[in-house]
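Heads up, the thing below is written out as structure tokens.
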Amino acid sequence: MEEVPATLNKSHIEKLQSIPDAWMLRECDTYKSEMKFCHSVRGRFHQFYIHGKALDCAQWEENFSDCKIWTRDADVDAAKRIIDREKVRIKERLQGHYSNDIWEKRSSAPEDWNKPLPDWLTAKKDSSHLQAYQDEKIEEETRTSSEQKLKDIQASLVNSYPSCSIL
């Protein structure tokens, strides 16, 4: 049996495997949280900002209702309704991407995609916080056990010393 994705609704796996595009069926809690967000004040602000109007939350209510039916009764029709609504939602979500004719889509990566960084960017990378963190991790891995014990003692002394107390 194949590994099941983490977000997949795991109710009635045997029946689920016979439904086309069943990977789209998510846990009921996901539909419930989407429905709650859709109705929330924050969700409404988001809708007004992105779409200019409040959206209809009926899709999430129907998905949540059908998901409960699927989980409780293993109703294949309920699962198919959810999958159909998910397909429409994903199609609408990706419509802008597919209808974009401004950018030329690549068929492969550029030939020089892995060329060395310019000198100014290499110098900036060498003095970054991420580089300091990586260097520290490498130093920790190469430390001997006695050096590690000394570092641990030093850290515990620093952390145990009272630094400031406001009364």
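Identifiers for the structure tokens are assigned positionally: chains receive A, B, ... in sequence, residues are indexed from 1 per chain, and ligands are indexed from 1 in the order shown.
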Just asking: which residues within range 25-63 of chain A are alpha helix (DSSP H) according to DSSP, as a VMD selection string? chain A and resid 28 to 39 41 to 51 58 to 63
Create the file for the chosen residues now, containing C-alpha atoms and written as a PDB file, in the first residue's frame.
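That gives us selection-v5.pdb:
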```pdb
ATOM      1  CA  CYS A  28     -12.866  17.806   7.877  1.00  0.00           C
ATOM      2  CA  ASP A  29     -11.038  20.121  10.291  1.00  0.00           C
ATOM      3  CA  THR A  30      -9.470  21.842   7.283  1.00  0.00           C
ATOM      4  CA  TYR A  31     -12.857  22.635   5.762  1.00  0.00           C
ATOM      5  CA  LYS A  32     -14.154  23.773   9.141  1.00  0.00           C
ATOM      6  CA  SER A  33     -11.219  26.149   9.669  1.00  0.00           C
ATOM      7  CA  GLU A  34     -11.581  27.504   6.108  1.00  0.00           C
ATOM      8  CA  MET A  35     -15.294  28.093   6.790  1.00  0.00           C
ATOM      9  CA  LYS A  36     -14.571  29.847  10.102  1.00  0.00           C
ATOM     10  CA  PHE A  37     -11.912  32.035   8.480  1.00  0.00           C
ATOM     11  CA  CYS A  38     -14.283  32.904   5.639  1.00  0.00           C
ATOM     12  CA  HIS A  39     -16.878  34.170   8.126  1.00  0.00           C
ATOM     13  CA  VAL A  41     -13.727  39.621  10.568  1.00  0.00           C
ATOM     14  CA  ARG A  42     -10.146  39.053   9.455  1.00  0.00           C
ATOM     15  CA  GLY A  43     -11.350  36.865   6.599  1.00  0.00           C
ATOM     16  CA  ARG A  44     -13.837  39.521   5.509  1.00  0.00           C
ATOM     17  CA  PHE A  45     -11.099  42.195   5.526  1.00  0.00           C
ATOM     18  CA  HIS A  46      -8.955  39.899   3.407  1.00  0.00           C
ATOM     19  CA  GLN A  47     -11.820  39.334   0.967  1.00  0.00           C
ATOM     20  CA  PHE A  48     -12.478  43.076   0.648  1.00  0.00           C
ATOM     21  CA  TYR A  49      -8.757  43.747   0.123  1.00  0.00           C
ATOM     22  CA  ILE A  50      -8.266  41.044  -2.521  1.00  0.00           C
ATOM     23  CA  HIS A  51     -11.654  40.889  -4.253  1.00  0.00           C
ATOM     24  CA  ALA A  58     -21.351  28.480   1.100  1.00  0.00           C
ATOM     25  CA  GLN A  59     -18.670  26.396  -0.648  1.00  0.00           C
ATOM     26  CA  TRP A  60     -16.812  25.855   2.638  1.00  0.00           C
ATOM     27  CA  GLU A  61     -20.052  25.075   4.468  1.00  0.00           C
ATOM     28  CA  GLU A  62     -20.999  22.520   1.802  1.00  0.00           C
ATOM     29  CA  ASN A  63     -17.512  20.998   1.849  1.00  0.00           C
TER      30      ASN A  63
END
```
Give me, as a tab-separated table, each residue of range 74-135 of chain A that comes within 12 Å of range 140-146 of chain A, together with its shortest interatomic pair and the distance in Å at one decimal, counting only C-alpha atoms, with rows ordered by chain and rising residue number.
```
residue	atom	partner	partner_atom	distance
A:Tyr133	CA	A:Glu140	CA	10.6
A:Gln134	CA	A:Glu140	CA	9.9
A:Asp135	CA	A:Glu140	CA	8.6
```
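Coordinates place CA of Asp56 in chain A at a distance of 19.2 Å from CA of Gln95 in chain A.
For the atom pair formed by CA of Ala78 in chain A and CA of Lys91 in chain A, the distance is 20.1 Å, given to one decimal.
Going from CA of Asp126 in chain A over to CA of Trp113 in chain A, you cover 20.9 Å.
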Leu16 in chain A: which residues within 12 Å, counting only C-alpha atoms, same-chain residues fewer than 4 positions away excluded, as a ChimeraX atom specification? /A:4,8-12,20-26,70-71,74-80,83
